[in-house]
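Visitor: Got a structure for you, data20.cif, holding mmCIF, C-alpha atoms.
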data_structure
#
loop_
_atom_site.label_atom_id
_atom_site.label_comp_id
_atom_site.auth_asym_id
_atom_site.auth_seq_id
_atom_site.Cartn_x
_atom_site.Cartn_y
_atom_site.Cartn_z
CA MET H 1 150.31 -82.97 15.19
CA PRO H 2 153.43 -80.87 15.73
CA ASN H 3 154.61 -80.54 12.14
CA GLU H 4 151.31 -80.04 10.42
CA GLY H 5 151.32 -77.01 8.18
CA ILE H 6 154.96 -76.23 8.94
CA ALA H 7 157.05 -78.88 7.23
CA PRO H 8 155.90 -81.60 4.79
CA HIS H 9 156.55 -84.34 7.30
CA PHE H 10 153.88 -87.03 7.09
CA LYS H 11 153.26 -89.36 10.00
CA THR H 12 151.90 -92.09 7.71
CA ASP H 13 153.76 -92.87 4.50
CA PHE H 14 152.83 -95.97 2.52
CA LYS H 15 155.67 -95.24 0.04
CA SER H 16 153.42 -95.70 -3.02
CA THR H 17 149.78 -95.36 -4.10
CA ARG H 18 149.57 -99.14 -4.31
CA GLY H 19 150.90 -99.37 -0.77
CA ALA H 20 148.29 -96.83 0.36
CA LEU H 21 145.52 -98.88 -1.29
CA ALA H 22 146.72 -102.00 0.55
CA GLY H 23 147.03 -99.96 3.76
CA GLY H 24 143.41 -98.85 3.44
CA VAL H 25 142.30 -102.44 2.92
CA ARG H 26 144.26 -103.56 6.00
CA GLU H 27 142.83 -100.84 8.25
CA ALA H 28 139.27 -101.65 7.18
CA ILE H 29 139.68 -105.33 8.10
CA GLY H 30 139.11 -105.31 11.84
CA ALA H 31 136.72 -103.33 14.00
CA PRO H 32 135.32 -101.19 11.11
CA ILE H 33 134.32 -104.15 8.95
CA LEU H 34 132.99 -106.11 11.96
CA VAL H 35 130.68 -103.32 13.13
CA LEU H 36 129.42 -102.50 9.63
CA GLY H 37 129.16 -106.18 8.73
CA ALA H 38 127.01 -106.83 11.81
CA SER H 39 124.70 -103.93 10.98
CA TYR H 40 124.39 -105.11 7.37
CA ILE H 41 123.60 -108.62 8.63
CA GLY H 42 120.63 -106.90 10.26
CA PHE H 43 119.77 -105.24 6.95
CA GLY H 44 120.02 -108.55 5.07
CA SER H 45 117.59 -110.19 7.47
CA LEU H 46 115.26 -107.17 7.22
CA ILE H 47 115.23 -107.71 3.43
CA ARG H 48 114.34 -111.36 3.92
CA GLU H 49 111.68 -110.69 6.56
CA SER H 50 110.14 -108.02 4.32
CA GLY H 51 109.57 -110.70 1.68
CA LEU H 52 112.20 -109.34 -0.72
CA GLY H 53 114.91 -111.18 -2.65
CA LEU H 54 118.65 -111.23 -1.98
CA GLY H 55 119.29 -109.45 -5.30
CA ILE H 56 117.30 -106.43 -4.08
CA GLY H 57 119.31 -106.34 -0.83
CA LEU H 58 122.70 -106.56 -2.56
CA PHE H 59 121.65 -104.01 -5.19
CA SER H 60 120.54 -101.63 -2.44
CA THR H 61 123.84 -101.95 -0.54
CA LEU H 62 125.91 -101.50 -3.73
CA THR H 63 124.00 -98.55 -5.17
CA THR H 64 122.81 -96.65 -2.07
CA TRP H 65 125.68 -97.48 0.31
CA ALA H 66 124.28 -95.58 3.26
CA LEU H 67 122.46 -97.79 5.75
CA PRO H 68 119.97 -95.32 7.30
CA GLY H 69 118.39 -94.52 3.94
CA GLN H 70 118.44 -98.20 2.98
CA VAL H 71 116.55 -99.19 6.13
CA ALA H 72 114.14 -96.26 5.72
CA SER H 73 113.36 -97.21 2.11
CA ILE H 74 112.64 -100.86 3.02
CA GLU H 75 110.53 -99.84 6.03
CA LEU H 76 108.51 -97.39 3.92
CA TYR H 77 108.15 -100.04 1.22
CA ALA H 78 106.75 -102.40 3.87
CA ALA H 79 104.41 -99.63 5.07
CA GLY H 80 103.07 -99.33 1.52
CA ALA H 81 104.40 -95.85 0.74
CA ALA H 82 104.52 -94.41 -2.79
CA LEU H 83 107.74 -93.53 -4.62
CA LEU H 84 107.70 -89.77 -3.92
CA PRO H 85 107.61 -89.97 -0.09
CA ILE H 86 110.25 -92.73 -0.26
CA PHE H 87 112.50 -90.61 -2.47
CA ILE H 88 112.20 -87.54 -0.25
CA ALA H 89 112.57 -89.48 3.00
CA VAL H 90 115.74 -91.24 1.77
CA ALA H 91 117.09 -87.95 0.43
CA LEU H 92 116.58 -86.30 3.83
CA THR H 93 117.95 -89.31 5.74
CA ASN H 94 121.09 -89.42 3.62
CA ALA H 95 121.52 -85.66 3.15
CA ARG H 96 124.60 -85.76 5.38
CA MET H 97 126.43 -87.18 2.32
CA LEU H 98 126.58 -83.58 1.05
CA PRO H 99 128.61 -81.99 3.87
CA MET H 100 130.69 -85.19 4.15
CA THR H 101 131.64 -85.13 0.46
CA VAL H 102 132.19 -81.38 0.53
CA THR H 103 134.69 -81.69 3.39
CA LEU H 104 136.43 -84.89 2.22
CA MET H 105 137.07 -84.04 -1.44
CA PRO H 106 139.54 -81.20 -0.77
CA VAL H 107 141.56 -83.65 1.37
CA LEU H 108 141.67 -86.32 -1.37
CA ARG H 109 141.82 -84.20 -4.50
CA LEU H 110 144.99 -83.74 -6.55
CA PRO H 111 145.32 -81.30 -9.46
CA GLY H 112 145.81 -84.33 -11.76
CA HIS H 113 142.55 -86.06 -10.81
CA SER H 114 139.96 -86.11 -13.55
CA ARG H 115 136.44 -84.97 -12.75
CA TRP H 116 134.87 -88.38 -13.33
CA LYS H 117 137.29 -90.02 -10.90
CA LEU H 118 136.09 -87.66 -8.14
CA TYR H 119 132.45 -88.40 -8.96
CA LEU H 120 133.19 -92.14 -8.87
CA ALA H 121 135.08 -91.90 -5.58
CA ALA H 122 132.23 -89.83 -4.12
CA HIS H 123 129.96 -92.86 -4.37
CA LEU H 124 132.11 -94.54 -1.69
CA VAL H 125 131.52 -91.70 0.79
CA ALA H 126 129.67 -92.99 3.87
CA VAL H 127 130.02 -92.36 7.60
CA THR H 128 132.79 -94.81 8.60
CA GLY H 129 135.03 -94.26 5.58
CA TRP H 130 134.55 -90.51 5.79
CA ALA H 131 135.37 -90.28 9.52
CA VAL H 132 138.49 -92.46 9.29
CA SER H 133 139.77 -90.76 6.13
CA MET H 134 139.20 -87.28 7.57
CA LEU H 135 141.36 -88.31 10.53
CA ARG H 136 144.06 -90.31 8.76
CA CYS H 137 144.50 -88.85 5.26
CA PRO H 138 145.83 -85.39 6.25
CA ASN H 139 148.81 -87.25 7.76
CA MET H 140 149.65 -88.90 4.41
CA PRO H 141 151.43 -87.58 1.33
CA PRO H 142 148.70 -86.09 -0.92
CA GLU H 143 149.16 -88.58 -3.77
CA GLN H 144 148.44 -91.52 -1.43
CA ARG H 145 145.19 -90.24 0.10
CA MET H 146 142.75 -91.18 -2.66
CA SER H 147 144.20 -94.72 -2.84
CA PHE H 148 143.89 -95.14 0.93
CA PHE H 149 140.29 -93.94 0.86
CA ILE H 150 139.34 -96.26 -2.01
CA GLY H 151 141.05 -99.22 -0.33
CA PHE H 152 139.37 -98.51 2.99
CA ALA H 153 135.85 -97.62 1.83
CA GLY H 154 135.85 -100.18 -1.00
CA THR H 155 136.70 -102.96 1.47
CA LEU H 156 133.87 -101.82 3.74
CA LEU H 157 131.44 -101.86 0.80
CA ILE H 158 132.45 -105.41 -0.15
CA GLY H 159 132.22 -106.50 3.49
CA SER H 160 128.79 -104.90 3.78
CA MET H 161 127.52 -106.76 0.71
CA LEU H 162 128.85 -109.93 2.31
CA GLY H 163 127.02 -108.99 5.53
CA THR H 164 123.79 -108.38 3.58
CA ALA H 165 124.02 -111.88 2.06
CA ILE H 166 124.95 -113.51 5.39
CA GLY H 167 122.00 -111.83 7.14
CA PHE H 168 119.65 -112.87 4.36
CA PHE H 169 120.59 -116.55 4.58
CA LEU H 170 121.09 -116.56 8.36
CA SER H 171 117.53 -115.41 9.02
CA THR H 172 116.19 -118.64 7.47
CA LEU H 173 118.71 -120.98 9.12
CA VAL H 174 118.39 -119.80 12.72
CA PRO H 175 115.38 -120.28 15.03
CA PRO H 176 112.60 -117.66 14.59
CA ALA H 177 113.54 -115.87 17.83
CA VAL H 178 117.12 -115.36 16.61
CA SER H 179 115.99 -114.03 13.24
CA LEU H 180 113.86 -111.51 15.17
CA GLY H 181 117.05 -110.52 17.00
CA LEU H 182 118.80 -110.00 13.63
CA VAL H 183 116.05 -107.66 12.42
CA PHE H 184 116.17 -105.85 15.77
CA VAL H 185 119.84 -104.99 15.07
CA ASN H 186 118.58 -102.27 12.68
CA PRO H 187 117.03 -99.86 15.23
CA VAL H 188 119.56 -100.77 17.95
CA TYR H 189 122.53 -99.95 15.72
CA PHE H 190 121.28 -96.42 14.96
CA MET H 191 120.24 -95.78 18.56
CA LEU H 192 123.75 -96.63 19.76
CA ILE H 193 125.30 -94.47 17.02
CA PHE H 194 123.26 -91.58 18.47
CA LEU H 195 124.57 -92.34 21.97
CA ILE H 196 128.24 -92.20 20.92
CA ASP H 197 128.36 -88.43 20.97
CA LEU H 198 125.80 -86.54 23.05
CA ARG H 199 127.59 -83.21 23.41
CA HIS H 200 125.88 -81.39 20.55
CA ARG H 201 122.72 -79.62 21.83
CA GLY H 202 121.02 -79.16 18.46
CA ARG H 203 121.49 -82.81 17.61
CA ILE H 204 120.12 -83.98 20.97
CA LEU H 205 117.06 -81.76 20.48
CA ALA H 206 116.54 -83.21 16.99
CA LEU H 207 116.80 -86.75 18.40
CA LEU H 208 114.28 -86.01 21.16
CA PHE H 209 111.78 -84.27 18.87
CA GLY H 210 112.17 -86.91 16.16
CA GLY H 211 112.00 -89.81 18.60
CA CYS H 212 108.68 -88.54 19.98
CA LEU H 213 107.14 -87.37 16.71
CA GLY H 214 108.08 -90.44 14.63
CA PRO H 215 105.63 -92.91 16.24
CA LEU H 216 102.92 -90.21 16.62
CA PHE H 217 102.98 -89.26 12.94
CA HIS H 218 103.07 -92.95 12.02
CA PHE H 219 99.59 -93.22 13.59
CA VAL H 220 98.35 -90.31 11.47
CA THR H 221 99.90 -91.41 8.17
CA PRO H 222 102.24 -94.44 7.91
CA THR H 223 103.42 -93.44 4.44
CA TRP H 224 104.19 -89.71 4.90
CA GLY H 225 104.57 -89.70 8.70
CA LEU H 226 108.30 -90.42 8.81
CA LEU H 227 109.09 -87.61 6.42
CA MET H 228 106.83 -85.11 8.21
CA SER H 229 108.18 -85.99 11.65
CA GLY H 230 111.78 -85.62 10.45
CA VAL H 231 111.24 -82.23 8.85
CA LEU H 232 109.27 -80.93 11.85
CA ALA H 233 111.84 -82.28 14.32
CA GLY H 234 114.67 -80.67 12.33
CA ILE H 235 112.96 -77.27 12.21
CA LEU H 236 111.98 -77.40 15.91
CA ALA H 237 115.51 -78.41 16.93
CA PHE H 238 116.98 -75.62 14.81
CA ILE H 239 114.67 -72.98 16.30
CA ALA H 240 115.08 -74.24 19.87
CA ASP H 241 118.86 -74.42 19.53
CA ARG H 242 119.08 -70.85 18.19
CA ALA H 243 116.72 -69.58 20.91
CA MET H 244 118.79 -71.23 23.65
CA ARG H 245 121.99 -69.95 22.08
CA ARG H 246 120.65 -66.39 22.09
CA ARG H 247 119.50 -66.64 25.72
CA ARG H 248 122.57 -68.23 27.28
CA GLY H 249 125.19 -68.17 24.57
CA MET I 1 112.03 -112.68 -8.14
CA ALA I 2 112.90 -109.48 -10.02
CA ASP I 3 109.70 -107.69 -9.11
CA ALA I 4 109.68 -104.19 -10.63
CA TRP I 5 108.24 -102.31 -7.64
CA PRO I 6 110.93 -103.14 -5.01
CA LEU I 7 113.54 -102.43 -7.68
CA ALA I 8 111.99 -99.02 -8.33
CA VAL I 9 112.05 -98.33 -4.57
CA VAL I 10 115.76 -99.19 -4.33
CA VAL I 11 116.68 -97.20 -7.45
CA ALA I 12 114.78 -94.16 -6.08
CA GLY I 13 116.72 -94.45 -2.80
CA ALA I 14 120.05 -94.85 -4.61
CA VAL I 15 119.44 -91.80 -6.82
CA ALA I 16 118.26 -89.75 -3.81
CA THR I 17 121.53 -90.62 -2.02
CA TYR I 18 123.99 -90.22 -4.90
CA LEU I 19 122.62 -86.79 -5.81
CA TRP I 20 124.04 -85.45 -2.51
CA ARG I 21 127.44 -86.99 -3.19
CA ALA I 22 127.59 -85.54 -6.71
CA LEU I 23 126.46 -82.15 -5.40
CA GLY I 24 129.16 -82.48 -2.73
CA VAL I 25 131.88 -82.89 -5.38
CA ALA I 26 130.51 -79.93 -7.35
CA MET I 27 130.35 -77.71 -4.26
CA SER I 28 133.51 -78.93 -2.50
CA GLY I 29 135.49 -76.08 -1.08
CA ARG I 30 132.53 -73.72 -1.40
CA LEU I 31 130.21 -74.84 1.42
CA LYS I 32 131.16 -74.15 5.02
CA ALA I 33 130.83 -77.28 7.18
CA ASN I 34 129.13 -75.38 10.01
CA SER I 35 126.73 -73.11 8.15
CA PRO I 36 123.09 -72.78 9.35
CA VAL I 37 121.77 -74.66 6.29
CA VAL I 38 124.05 -77.63 7.00
CA ASP I 39 122.88 -77.53 10.65
CA LEU I 40 119.21 -77.59 9.63
CA VAL I 41 119.72 -80.43 7.15
CA GLY I 42 121.69 -82.37 9.76
CA TYR I 43 118.98 -81.92 12.41
CA THR I 44 116.32 -83.07 9.95
CA ALA I 45 118.29 -86.23 9.19
CA PHE I 46 118.82 -86.90 12.91
CA GLY I 47 115.14 -86.25 13.67
CA LEU I 48 113.98 -88.50 10.85
CA LEU I 49 116.28 -91.31 11.87
CA ALA I 50 115.38 -91.02 15.56
CA GLY I 51 111.71 -91.17 14.57
CA LEU I 52 112.41 -94.30 12.53
CA VAL I 53 114.25 -95.91 15.47
CA THR I 54 111.50 -95.30 18.04
CA ARG I 55 108.85 -96.28 15.49
CA MET I 56 110.69 -99.55 14.69
CA ILE I 57 110.95 -100.32 18.43
CA LEU I 58 107.45 -99.23 19.53
CA LEU I 59 105.38 -99.87 16.38
CA PRO I 60 107.29 -102.37 14.25
CA ILE I 61 106.20 -103.41 10.78
CA GLY I 62 106.71 -107.06 9.89
CA PRO I 63 107.88 -109.96 12.05
CA LEU I 64 108.77 -107.88 15.13
CA GLN I 65 105.03 -107.20 15.48
CA GLY I 66 104.86 -110.69 16.93
CA THR I 67 106.91 -109.68 19.99
CA GLU I 68 105.67 -107.94 23.14
CA VAL I 69 106.53 -104.26 23.51
CA TRP I 70 108.26 -104.88 26.87
CA VAL I 71 110.51 -107.45 25.15
CA ARG I 72 111.64 -104.83 22.64
CA LEU I 73 112.10 -102.15 25.31
CA ALA I 74 114.05 -104.50 27.60
CA ALA I 75 116.34 -105.55 24.72
CA THR I 76 116.90 -101.87 23.90
CA ALA I 77 117.89 -101.22 27.51
CA VAL I 78 120.29 -104.19 27.51
CA ALA I 79 121.94 -102.86 24.34
CA ALA I 80 122.42 -99.40 25.89
CA ILE I 81 123.73 -100.80 29.21
CA VAL I 82 126.28 -103.10 27.53
CA PHE I 83 127.29 -100.30 25.15
CA PHE I 84 128.08 -97.89 28.02
CA ALA I 85 129.51 -100.55 30.35
CA LEU I 86 132.09 -101.49 27.69
CA ARG I 87 133.19 -97.90 27.01
CA ARG I 88 130.77 -97.23 24.17
CA ASN I 89 131.58 -100.44 22.30
CA LEU I 90 129.26 -100.39 19.29
CA LEU I 91 129.74 -104.01 18.21
CA ALA I 92 129.14 -105.34 21.74
CA GLY I 93 126.04 -103.17 22.15
CA VAL I 94 124.55 -104.28 18.84
CA LEU I 95 125.23 -107.96 19.59
CA ALA I 96 123.80 -107.60 23.12
CA GLY I 97 120.63 -105.89 21.82
CA GLY I 98 119.97 -108.46 19.11
CA GLY I 99 120.89 -111.32 21.45
CA ALA I 100 118.67 -110.02 24.26
CA LEU I 101 115.70 -109.70 21.92
CA ALA I 102 116.22 -113.24 20.62
CA LEU I 103 116.48 -114.52 24.21
CA PHE I 104 113.44 -112.64 25.54
CA ALA I 105 111.36 -113.44 22.44
CA GLY I 106 112.31 -117.10 22.81
CA LEU I 107 111.28 -117.07 26.49
CA ALA I 108 108.05 -115.13 25.96
CA PRO I 109 106.66 -115.80 22.49
CA GLY I 110 104.07 -113.11 21.73
#
Is it possible to give me this structure as structure tokens?

Guide:
Amino acid sequence: MPNEGIAPHFKTDFKSTRGALAGGVREAIGAPILVLGASYIGFGSLIRESGLGLGIGLFSTLTTWALPGQVASIELYAAGAALLPIFIAVALTNARMLPMTVTLMPVLRLPGHSRWKLYLAAHLVAVTGWAVSMLRCPNMPPEQRMSFFIGFAGTLLIGSMLGTAIGFFLSTLVPPAVSLGLVFVNPVYFMLIFLIDLRHRGRILALLFGGCLGPLFHFVTPTWGLLMSGVLAGILAFIADRAMRRRRG
Amino acid sequence: MADAWPLAVVVAGAVATYLWRALGVAMSGRLKANSPVVDLVGYTAFGLLAGLVTRMILLPIGPLQGTEVWVRLAATAVAAIVFFALRRNLLAGVLAGGGALALFAGLAPG
């Protein structure tokens, strides 16, 4: 990025906010919507196999819009957990929305934006839209960034609701073995997300601790176990990472 | 269909998620992305999710209980192998994992 911070030369210029909105829609249609759609097909079939209705699945995708917490809430529901452990577990699972929103908003914000518009746009913040917008938006004129983000993330949300519905209906139409495969997409998707970037020591430690503690705590208490294993894994990873940092830098 | 309990579960999850986004808007520009608190929260989320993944593979709730554990582990391995063989292709890995489980479960019904 040779000109960044020196001259206001933007590598991507959609000419207008409407053009930026359309540009966001176009960039979402392709690999991003296929990957998310496939993972939400898994979620839709999980809804069905958990004995829930399509309305619940669509409502979850629309209002939560962060797959890990959605899967955790349905799994804890199936395990018979009460509302408090579900609330805390989803809050911890989706807590990354905080740093993501904190870092994205300064990129999107214009002095003219009203407060409520920012709070509305914040609902669209999720991993894919955040990562792409953090990469692409700084290269755009400031007044186009919010439109691009809304076009991109909004398209992904619509596609994910479509995926939820497709997965829900698909799991009844296909042979039982295939519907098992659709449900299995849920853990596989997150495992592969973890494997994308294995350079961060603290994160790897958290994955190892959590991966071992999760099933163990599930034996002790299926309803609180997930929450307890996550918190313990996070603290252990944090301490271990700091200790290793101090020893070897 | 509109059973109140699942709806309450989903609403609780949605509120728990949106609170972070709203807090993010309120705090934007004031929280450093690599502060120790953000690290700790991130590790907790990773640990919780990793625990959910291994639990869903080793001790599934629901229909996957009907499959053998080796079927689930073999399908997991296929997903990882395809993912890395195709330069970390997420879509291919997910399809391979789901497809392998369907295939193995079809061959060896539990």

Visitor: Counting all atoms listed in the file, which residues from chain H have an atom at most 6 Å from any atom of chain I, and could you show them as number ranges by chain?

Guide: H: 35, 60, 63-64, 87, 90-94, 97-98, 101-102, 122, 177-178, 181-182, 184-185, 187, 189, 203, 206-207, 210-211, 214-215, 230-231, 233-234, 238

Visitor: What separation in Å, quoted to one decimal, exists between atom CA of Val107 of chain H and atom CA of Phe149 of chain H?

Guide: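 About the pair atom CA of Val107 of chain H and atom CA of Phe149 of chain H: they are 10.4 Å apart.
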
Visitor: Take the PyMOL selection byres ((chain H and resi 57) around 8), apply it to the structure above, and return the hits as an NGL selection string.

Guide: :H and (43-44 or 47 or 52-56 or 58-61 or 164-165)

Visitor: At what distance in Å, to one decimal, does atom CA of Leu195 of chain H lie from atom CA of Phe148 of chain H?

Guide: 28.7 Å

Visitor: Can you measure atom CA of Thr221 of chain H to atom CA of Val69 of chain I for me? One decimal in Å is fine.

Guide: 21.1 Å

Visitor: Selected by the PyMOL selection byres ((chain H and resi 129) around 9) in the shown coordinates: which residues, as an MDAnalysis selection string?

Guide: chainID H and resid 28 32 124:128 130:134 149:150 152:154 156

Visitor: For the residues selected in the previous step, produce a file with C-alpha atoms as an mmCIF file, in the frame of the given file.

Guide:
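So result07.cif came out as:
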data_model
loop_
_atom_site.group_PDB
_atom_site.id
_atom_site.type_symbol
_atom_site.label_atom_id
_atom_site.label_comp_id
_atom_site.auth_asym_id
_atom_site.auth_seq_id
_atom_site.Cartn_x
_atom_site.Cartn_y
_atom_site.Cartn_z
ATOM 1 C CA ALA H 28 139.270 -101.650 7.180
ATOM 2 C CA PRO H 32 135.320 -101.190 11.110
ATOM 3 C CA LEU H 124 132.110 -94.540 -1.690
ATOM 4 C CA VAL H 125 131.520 -91.700 0.790
ATOM 5 C CA ALA H 126 129.670 -92.990 3.870
ATOM 6 C CA VAL H 127 130.020 -92.360 7.600
ATOM 7 C CA THR H 128 132.790 -94.810 8.600
ATOM 8 C CA TRP H 130 134.550 -90.510 5.790
ATOM 9 C CA ALA H 131 135.370 -90.280 9.520
ATOM 10 C CA VAL H 132 138.490 -92.460 9.290
ATOM 11 C CA SER H 133 139.770 -90.760 6.130
ATOM 12 C CA MET H 134 139.200 -87.280 7.570
ATOM 13 C CA PHE H 149 140.290 -93.940 0.860
ATOM 14 C CA ILE H 150 139.340 -96.260 -2.010
ATOM 15 C CA PHE H 152 139.370 -98.510 2.990
ATOM 16 C CA ALA H 153 135.850 -97.620 1.830
ATOM 17 C CA GLY H 154 135.850 -100.180 -1.000
ATOM 18 C CA LEU H 156 133.870 -101.820 3.740
#
